[in-house]
$ cat my_file_24.txt   # compact mmCIF, C-alpha atoms and all ligand atoms
# COMPACT_ATOMS: atom_id res chain seq x y z
CA MET A 1 -50.35 22.17 -96.53
CA ILE A 2 -48.14 21.34 -99.50
CA LYS A 3 -44.50 22.20 -98.96
CA THR A 4 -43.09 23.89 -102.06
CA THR A 5 -39.46 24.44 -103.02
CA PRO A 6 -38.86 27.58 -105.06
CA ILE A 7 -37.54 27.10 -108.58
CA PRO A 8 -33.82 27.95 -108.69
CA ASP A 9 -32.51 31.32 -109.89
CA LEU A 10 -30.40 31.32 -113.02
CA PRO A 11 -27.48 33.75 -112.57
CA PHE A 12 -25.97 35.28 -115.69
CA GLU A 13 -22.65 36.48 -114.21
CA THR A 14 -20.61 33.44 -115.27
CA PHE A 15 -20.86 30.46 -117.57
CA PHE A 16 -21.55 27.19 -115.80
CA THR A 17 -19.24 24.29 -115.07
CA TYR A 18 -20.63 20.79 -115.51
CA GLN A 19 -21.33 20.66 -111.76
CA GLN A 20 -23.30 23.92 -111.86
CA VAL A 21 -25.38 22.70 -114.81
CA THR A 22 -26.08 19.48 -112.91
CA ASP A 23 -26.99 21.34 -109.70
CA PHE A 24 -29.36 23.69 -111.53
CA LEU A 25 -31.18 20.85 -113.32
CA GLN A 26 -31.48 18.82 -110.11
CA ALA A 27 -32.84 21.84 -108.22
CA LEU A 28 -35.42 22.47 -110.95
CA ALA A 29 -36.49 18.80 -110.94
CA VAL A 30 -36.75 18.78 -107.13
CA ALA A 31 -38.77 22.02 -107.12
CA ARG A 32 -41.33 20.82 -109.71
CA PRO A 33 -41.38 17.02 -109.93
CA ASP A 34 -44.89 17.38 -111.41
CA LEU A 35 -43.35 19.13 -114.45
CA CYS A 36 -39.68 18.05 -114.66
CA LYS A 37 -37.82 14.79 -114.88
CA LEU A 38 -34.05 14.60 -115.10
CA ASP A 39 -32.42 11.70 -116.98
CA SER A 40 -29.23 11.08 -118.90
CA LEU A 41 -28.92 10.39 -122.64
CA GLY A 42 -25.69 8.52 -121.84
CA SER A 43 -22.10 9.23 -120.87
CA SER A 44 -19.53 11.38 -122.61
CA ARG A 45 -16.06 10.14 -123.55
CA GLU A 46 -14.75 11.50 -120.24
CA ASP A 47 -17.66 9.99 -118.33
CA ARG A 48 -19.90 12.97 -117.74
CA GLU A 49 -23.66 12.58 -118.15
CA VAL A 50 -25.36 14.16 -121.15
CA HIS A 51 -28.30 15.52 -119.16
CA LEU A 52 -31.84 15.32 -120.51
CA LEU A 53 -34.63 17.26 -118.84
CA THR A 54 -38.15 16.21 -119.80
CA LEU A 55 -40.64 19.02 -119.22
CA THR A 56 -44.36 18.48 -119.36
CA ASP A 57 -47.36 18.48 -117.06
CA PHE A 58 -47.20 14.78 -116.18
CA ALA A 59 -50.72 14.84 -114.67
CA SER A 60 -52.19 15.65 -118.10
CA GLY A 61 -50.53 12.71 -119.85
CA ALA A 62 -47.26 10.94 -120.53
CA PRO A 63 -44.66 12.87 -122.55
CA GLU A 64 -44.59 10.18 -125.29
CA ASP A 65 -48.31 10.78 -125.88
CA LYS A 66 -47.81 14.49 -126.61
CA PRO A 67 -46.11 16.31 -129.48
CA GLY A 68 -42.44 16.60 -128.56
CA TYR A 69 -40.05 19.54 -129.01
CA LEU A 70 -36.33 18.92 -128.53
CA ILE A 71 -34.03 21.77 -127.49
CA HIS A 72 -30.27 21.34 -127.29
CA GLY A 73 -27.34 23.63 -126.59
CA ASN A 74 -23.56 23.75 -126.56
CA ILE A 75 -22.80 21.10 -129.22
CA HIS A 76 -19.83 23.39 -129.97
CA ALA A 77 -17.58 23.58 -126.93
CA PRO A 78 -17.04 27.36 -126.68
CA GLU A 79 -20.72 28.18 -127.28
CA LEU A 80 -21.49 28.16 -123.57
CA SER A 81 -24.30 30.68 -123.92
CA GLY A 82 -26.24 27.83 -125.59
CA THR A 83 -26.32 26.03 -122.26
CA HIS A 84 -27.60 29.13 -120.50
CA ALA A 85 -30.24 29.75 -123.18
CA ALA A 86 -31.49 26.16 -122.84
CA LEU A 87 -31.56 26.38 -119.03
CA TYR A 88 -33.36 29.72 -119.24
CA THR A 89 -35.94 28.22 -121.61
CA ALA A 90 -36.51 25.34 -119.19
CA ARG A 91 -36.86 27.65 -116.20
CA GLN A 92 -39.24 29.97 -118.05
CA LEU A 93 -41.48 27.11 -119.19
CA VAL A 94 -41.79 26.01 -115.55
CA ALA A 95 -42.24 29.55 -114.22
CA ASP A 96 -44.98 30.33 -116.79
CA HIS A 97 -46.89 27.10 -116.25
CA GLU A 98 -49.69 28.62 -114.15
CA GLN A 99 -50.50 31.11 -116.95
CA SER A 100 -50.06 28.75 -119.88
CA ASP A 101 -51.39 25.40 -121.03
CA LEU A 102 -48.27 24.68 -123.09
CA LEU A 103 -46.92 21.97 -120.76
CA ARG A 104 -50.31 20.24 -120.78
CA LYS A 105 -50.17 19.98 -124.59
CA VAL A 106 -46.49 19.60 -125.43
CA ALA A 107 -43.50 17.64 -124.07
CA PHE A 108 -40.21 19.57 -124.14
CA TYR A 109 -36.99 17.59 -124.11
CA ILE A 110 -34.07 19.80 -123.12
CA VAL A 111 -30.41 18.84 -123.48
CA PRO A 112 -28.66 21.98 -122.29
CA ARG A 113 -25.10 20.76 -122.70
CA LEU A 114 -24.71 18.27 -125.52
CA ASN A 115 -20.93 18.45 -125.25
CA PRO A 116 -20.09 18.34 -121.52
CA ASP A 117 -16.39 17.47 -122.00
CA GLY A 118 -15.60 20.18 -124.55
CA ALA A 119 -17.57 22.78 -122.58
CA GLU A 120 -15.75 21.84 -119.37
CA PHE A 121 -12.40 22.29 -121.10
CA VAL A 122 -13.45 25.76 -122.27
CA VAL A 123 -15.12 26.93 -119.06
CA THR A 124 -12.27 25.79 -116.80
CA THR A 125 -9.29 26.89 -118.96
CA SER A 126 -10.56 29.48 -121.49
CA GLY A 127 -8.88 27.25 -124.13
CA ARG A 128 -10.40 26.99 -127.61
CA VAL A 129 -11.73 23.84 -129.22
CA ARG A 130 -14.56 23.39 -131.76
CA SER A 131 -16.12 20.21 -130.33
CA ARG A 132 -13.32 18.05 -129.00
CA THR A 133 -9.59 17.71 -129.42
CA ASP A 134 -7.90 14.50 -130.46
CA ARG A 135 -4.92 13.83 -128.21
CA THR A 136 -4.71 10.15 -129.16
CA HIS A 137 -2.33 10.78 -132.06
CA LEU A 138 0.00 13.71 -131.42
CA GLU A 139 1.35 15.28 -134.60
CA PRO A 140 4.89 16.68 -134.87
CA ASN A 141 5.37 20.48 -134.92
CA THR A 142 1.94 20.94 -133.43
CA LEU A 143 1.15 23.19 -130.52
CA TYR A 144 -1.31 21.59 -128.11
CA GLN A 145 -3.13 23.87 -125.68
CA LYS A 146 -2.10 23.37 -122.08
CA ASP A 147 -2.18 25.38 -118.88
CA VAL A 148 1.63 25.40 -118.66
CA ASN A 149 1.98 27.63 -115.58
CA HIS A 150 -0.99 26.11 -113.71
CA ASP A 151 -2.85 29.38 -113.19
CA GLY A 152 -6.11 27.76 -114.28
CA LEU A 153 -6.15 29.50 -117.68
CA ILE A 154 -4.92 28.83 -121.19
CA LEU A 155 -3.96 32.32 -122.32
CA SER A 156 -2.97 33.70 -125.73
CA MET A 157 0.48 35.04 -126.53
CA ARG A 158 1.50 37.45 -129.28
CA GLN A 159 4.67 36.71 -131.21
CA LYS A 160 6.37 38.91 -133.81
CA HIS A 161 6.20 37.13 -137.14
CA PRO A 162 6.66 38.45 -140.70
CA ASP A 163 3.46 36.69 -141.86
CA GLY A 164 1.45 37.52 -138.74
CA PRO A 165 -2.14 38.67 -139.41
CA PHE A 166 -2.15 41.37 -136.68
CA VAL A 167 -0.57 44.73 -135.88
CA ALA A 168 -0.66 46.69 -132.61
CA ASP A 169 -3.57 49.10 -132.27
CA PRO A 170 -2.09 52.62 -132.72
CA GLU A 171 -4.33 53.94 -129.93
CA ASP A 172 -3.58 51.20 -127.42
CA ALA A 173 -0.62 48.94 -128.14
CA ARG A 174 -1.95 46.34 -125.70
CA LEU A 175 -4.59 45.49 -128.31
CA LEU A 176 -4.03 43.77 -131.63
CA ILE A 177 -6.04 44.65 -134.71
CA ARG A 178 -6.23 42.96 -138.13
CA ARG A 179 -3.38 43.76 -140.48
CA LYS A 180 -4.49 45.52 -143.67
CA SER A 181 -2.68 46.16 -146.92
CA GLY A 182 -0.35 49.07 -146.19
CA SER A 183 0.00 48.19 -142.48
CA GLN A 184 3.55 48.73 -141.24
CA PRO A 185 5.55 46.08 -139.35
CA PRO A 186 6.01 44.70 -136.78
CA PHE A 187 3.38 42.05 -137.49
CA TYR A 188 2.20 39.59 -134.92
CA ARG A 189 0.65 36.17 -134.78
CA VAL A 190 -1.20 34.87 -131.75
CA LEU A 191 -0.62 31.45 -130.26
CA PRO A 192 -2.37 29.78 -127.34
CA GLU A 193 -0.45 28.74 -124.24
CA GLY A 194 0.66 25.16 -124.66
CA GLU A 195 3.39 22.74 -125.63
CA ILE A 196 4.78 21.96 -129.07
CA HIS A 197 4.95 18.25 -129.70
CA ASP A 198 8.13 16.97 -131.40
CA TRP A 199 9.32 20.41 -132.48
CA ASP A 200 11.82 20.51 -135.37
CA GLY A 201 13.00 24.03 -134.46
CA THR A 202 11.33 25.76 -137.42
CA ASP A 203 8.35 28.05 -137.04
CA HIS A 204 6.05 26.03 -139.29
CA LEU A 205 3.68 25.32 -136.47
CA LEU A 206 0.17 23.94 -136.50
CA VAL A 207 -2.13 24.62 -133.57
CA GLU A 208 -3.98 21.65 -132.09
CA GLY A 209 -4.22 18.36 -133.91
CA ARG A 210 -7.22 17.12 -135.78
CA SER A 211 -10.40 19.07 -135.09
CA PHE A 212 -13.87 17.60 -134.77
CA ASP A 213 -17.10 19.47 -135.46
CA TRP A 214 -20.01 17.48 -134.12
CA ASN A 215 -22.42 19.39 -136.29
CA ARG A 216 -20.76 17.65 -139.27
CA ASN A 217 -20.99 14.12 -137.77
CA TRP A 218 -24.65 13.39 -138.68
CA SER A 219 -25.57 10.70 -141.13
CA TYR A 220 -27.38 12.67 -143.86
CA ASP A 221 -24.98 13.52 -146.68
CA TRP A 222 -21.95 12.87 -144.44
CA ARG A 223 -18.59 13.33 -146.19
CA PRO A 224 -15.15 12.44 -144.85
CA GLU A 225 -12.13 14.70 -144.39
CA PRO A 226 -10.85 16.63 -146.25
CA GLU A 227 -14.09 17.19 -148.13
CA GLN A 228 -15.88 18.18 -144.93
CA HIS A 229 -13.70 19.64 -142.20
CA GLY A 230 -14.42 18.21 -138.74
CA ALA A 231 -16.54 15.31 -140.06
CA GLY A 232 -15.10 12.62 -137.75
CA ASP A 233 -14.23 9.06 -138.77
CA PHE A 234 -17.77 8.04 -139.76
CA PRO A 235 -21.34 9.25 -139.09
CA PHE A 236 -22.00 9.16 -135.35
CA SER A 237 -18.37 8.32 -134.54
CA GLU A 238 -18.85 10.58 -131.51
CA PRO A 239 -20.64 8.87 -128.58
CA GLU A 240 -22.55 12.00 -127.56
CA MET A 241 -23.99 12.30 -131.09
CA ARG A 242 -24.95 8.63 -131.03
CA HIS A 243 -26.79 9.17 -127.74
CA ILE A 244 -28.93 12.02 -129.04
CA ALA A 245 -29.55 10.34 -132.41
CA ARG A 246 -30.80 7.22 -130.59
CA PHE A 247 -33.05 9.39 -128.47
CA ILE A 248 -34.47 11.14 -131.53
CA HIS A 249 -35.12 7.83 -133.31
CA ALA A 250 -36.81 6.42 -130.19
CA HIS A 251 -39.21 9.42 -129.96
CA PRO A 252 -41.51 9.49 -132.99
CA ASN A 253 -43.63 12.08 -131.14
CA LEU A 254 -40.95 14.72 -131.91
CA PHE A 255 -42.10 17.36 -134.39
CA ALA A 256 -39.33 19.96 -134.14
CA VAL A 257 -35.83 20.62 -132.86
CA LEU A 258 -34.12 23.82 -131.79
CA GLY A 259 -30.36 24.14 -131.23
CA TYR A 260 -28.73 27.09 -129.46
CA HIS A 261 -25.42 28.30 -130.92
CA SER A 262 -23.48 31.53 -130.58
CA GLY A 263 -22.38 32.57 -134.07
CA PRO A 264 -23.42 35.88 -135.67
CA ASN A 265 -27.13 36.53 -135.03
CA ALA A 266 -29.53 34.42 -137.08
CA VAL A 267 -32.51 32.13 -136.94
CA LEU A 268 -31.32 29.25 -139.11
CA ARG A 269 -33.55 26.79 -140.93
CA PRO A 270 -32.85 23.97 -143.43
CA PRO A 271 -31.40 23.22 -145.88
CA SER A 272 -27.73 22.90 -144.92
CA THR A 273 -26.81 21.73 -148.45
CA GLY A 274 -28.56 22.27 -151.78
CA SER A 275 -31.50 24.65 -152.01
CA ASP A 276 -35.15 25.10 -151.06
CA ASP A 277 -36.00 23.17 -154.26
CA ASP A 278 -34.90 19.96 -152.48
CA LEU A 279 -37.51 20.52 -149.75
CA ASP A 280 -41.26 20.19 -149.80
CA GLU A 281 -42.75 23.55 -150.71
CA GLY A 282 -45.28 23.49 -147.86
CA ASP A 283 -42.56 22.59 -145.36
CA VAL A 284 -40.41 25.51 -146.49
CA ARG A 285 -43.36 27.84 -146.02
CA MET A 286 -44.11 26.41 -142.58
CA MET A 287 -40.48 26.58 -141.41
CA GLU A 288 -40.10 30.09 -142.78
CA ASP A 289 -43.29 31.20 -140.97
CA LEU A 290 -42.16 29.63 -137.69
CA ALA A 291 -38.64 31.05 -138.05
CA ARG A 292 -40.16 34.49 -138.60
CA ILE A 293 -41.87 34.25 -135.21
CA GLY A 294 -38.40 33.65 -133.74
CA ALA A 295 -37.06 36.56 -135.80
CA LYS A 296 -39.80 38.85 -134.50
CA HIS A 297 -38.92 38.10 -130.89
CA THR A 298 -35.14 38.25 -131.32
CA GLY A 299 -34.62 40.75 -134.12
CA PHE A 300 -32.36 38.18 -135.83
CA PRO A 301 -32.63 37.54 -139.59
CA VAL A 302 -34.02 34.22 -140.88
CA ILE A 303 -31.34 32.48 -142.97
CA PRO A 304 -31.20 28.97 -144.50
CA VAL A 305 -28.03 27.27 -143.16
CA VAL A 306 -26.62 26.99 -146.68
CA LYS A 307 -26.60 30.82 -146.94
CA TYR A 308 -25.16 31.42 -143.44
CA HIS A 309 -22.00 33.14 -144.61
CA ASP A 310 -20.62 36.68 -144.56
CA ASP A 311 -21.43 37.73 -148.10
CA ARG A 312 -24.39 35.37 -148.74
CA THR A 313 -23.32 35.13 -152.38
CA ARG A 314 -22.09 31.56 -152.31
CA ASP A 315 -23.51 28.46 -150.64
CA ILE A 316 -21.57 26.89 -147.77
CA ASN A 317 -23.00 23.34 -148.14
CA LEU A 318 -22.28 21.86 -144.72
CA ARG A 319 -22.17 18.06 -144.99
CA GLY A 320 -23.29 15.84 -142.13
CA HIS A 321 -25.13 18.80 -140.58
CA PHE A 322 -27.93 18.33 -138.10
CA HIS A 323 -30.50 20.36 -140.08
CA ASN A 324 -30.51 18.08 -143.11
CA PHE A 325 -30.42 14.98 -140.90
CA GLY A 326 -33.49 16.10 -138.95
CA TYR A 327 -35.45 17.34 -141.94
CA HIS A 328 -34.58 14.83 -144.68
CA HIS A 329 -34.32 11.68 -142.55
CA LEU A 330 -37.10 12.32 -140.08
CA GLY A 331 -39.32 15.12 -141.37
CA LEU A 332 -38.54 17.34 -138.38
CA PHE A 333 -38.76 21.11 -138.48
CA VAL A 334 -35.24 22.08 -137.45
CA PHE A 335 -34.03 25.47 -136.28
CA GLU A 336 -30.98 27.01 -134.71
CA PHE A 337 -30.73 30.29 -132.88
CA GLU A 338 -27.31 31.85 -133.39
CA LEU A 339 -27.08 34.03 -130.31
CA GLY A 340 -24.27 36.20 -131.61
CA ILE A 341 -21.88 36.07 -128.66
CA MET A 342 -18.84 35.15 -130.73
CA GLU A 343 -17.53 34.33 -134.18
CA ASN A 344 -18.60 30.96 -135.49
ZN ZN A 401 -22.24 26.42 -133.14
$ encode --input "my_file_24.txt" --output "structure tokens"
Amino acid sequence: MIKTTPIPDLPFETFFTYQQVTDFLQALAVARPDLCKLDSLGSSREDREVHLLTLTDFASGAPEDKPGYLIHGNIHAPELSGTHAALYTARQLVADHEQSDLLRKVAFYIVPRLNPDGAEFVVTTSGRVRSRTDRTHLEPNTLYQKDVNHDGLILSMRQKHPDGPFVADPEDARLLIRRKSGSQPPFYRVLPEGEIHDWDGTDHLLVEGRSFDWNRNWSYDWRPEPEQHGAGDFPFSEPEMRHIARFIHAHPNLFAVLGYHSGPNAVLRPPSTGSDDDLDEGDVRMMEDLARIGAKHTGFPVIPVVKYHDDRTRDINLRGHFHNFGYHHLGLFVFEFELGIMEN
């Protein structure tokens, strides 16, 4: 008799710490070693593994000999639902294996938490950071988030301020709402719990130092600060981005990539700069058709990245973005699901 270990449950009550992500992936790999293999793409700056789960029916052929589909999540630190979505996808592919031949035909490469350090900061403190903070050069008059009273949380504080963008909600003064023209004082601004470095006593404060956005750190059409906010010092200056770029280059069997994010609902496709005219016409049709399948299942609209903006009237032209890197450099069909949990 073959002894089987059940595949692990995926609870949705809380977001996962790094240890919980690791435990879940290990449990899945132990339960179905015929379908799952757990590796690391490399280490993060703070020495956590960037986990890679390879999912395929190994008995039907090596993953490199099959078309490959890469799924990643949580490149942006607060977008923790991306990790859960990637883990859920992995679990579902395993659970459905008996009724589907997908894992016999395709190799899935799943990187559920591309940014383990940033995500750990967010999940353990509730602090806010786009991808990572830079504490190597502290700027004067800058408030750096810190759990000052050691209660395990970085909380927000309201402060009366003539230029503050908020007013108290007339129905419940514990809540703040956006200030509008005609709103009456007092006005408030909101600051995170933390410490002001080298304060000059004025209230001209910046919050956090330099910000990095790892989805602006890719090598296609990369532009430095200040032209592209969050770009980093040079393409692939961030070790985690180097790890996944090396993996992508070493796997010519890849045909498509899906990233999970948590901005306002959308199925995003290339281009992230320019227009559809810069893309092959057949590719646009193919990506649009595939994205529409995602739209049908999610109810989200299909939007090219360049149009992913509130009013859709102007182009946002994100430089060094993953979509253009994947499509223009490597001919990959690239998508992102914006899961809509928070503002992006
Ligand atoms: Zn994002």
$ residues_near_ligand --input "my_file_24.txt" --ligand "ligand ZN 401 (chain A)" --cutoff "8 Å" --atoms "all atoms listed in the file" --output "MDAnalysis selection string"
chainID A and resid 74:76 79 215 260:263 338 344
$ residues_near_point --input "my_file_24.txt" --point "(-51.6, 16.4, -115.1)" --cutoff "10 Å" --atoms "all atoms listed in the file" --output "list in words"
Asp34, Leu35, Thr56, Asp57, Phe58, Ala59, Ser60, Gly61, Ala62, Leu103 and Arg104 of chain A
$ closest_residue --input "my_file_24.txt" --among "A:Pro11, A:Pro78, A:Gly73, A:Pro226" --to "Glu336 in chain A" --atoms "only C-alpha atoms"
A:Gly73
$ residues_around --input "my_file_24.txt" --residues "Lys146 in chain A" --least-positions-apart "6" --cutoff "8 Å" --atoms "all atoms listed in the file" --output "ChimeraX atom specification"
/A:154,193-195
$ atom_distance --input "my_file_24.txt" --atom1 "CA of Pro186 in chain A" --atom2 "CA of Ala168 in chain A"
8.1 Å
$ atom_distance --input "my_file_24.txt" --atom1 "CA of Leu205 in chain A" --atom2 "CA of Thr125 in chain A"
21.8 Å
$ residues_near_point --input "my_file_24.txt" --point "(-24.0, 35.1, -138.8)" --cutoff "12 Å" --atoms "all atoms listed in the file" --output "number ranges by chain"
A: 261-268, 300-312, 336-344
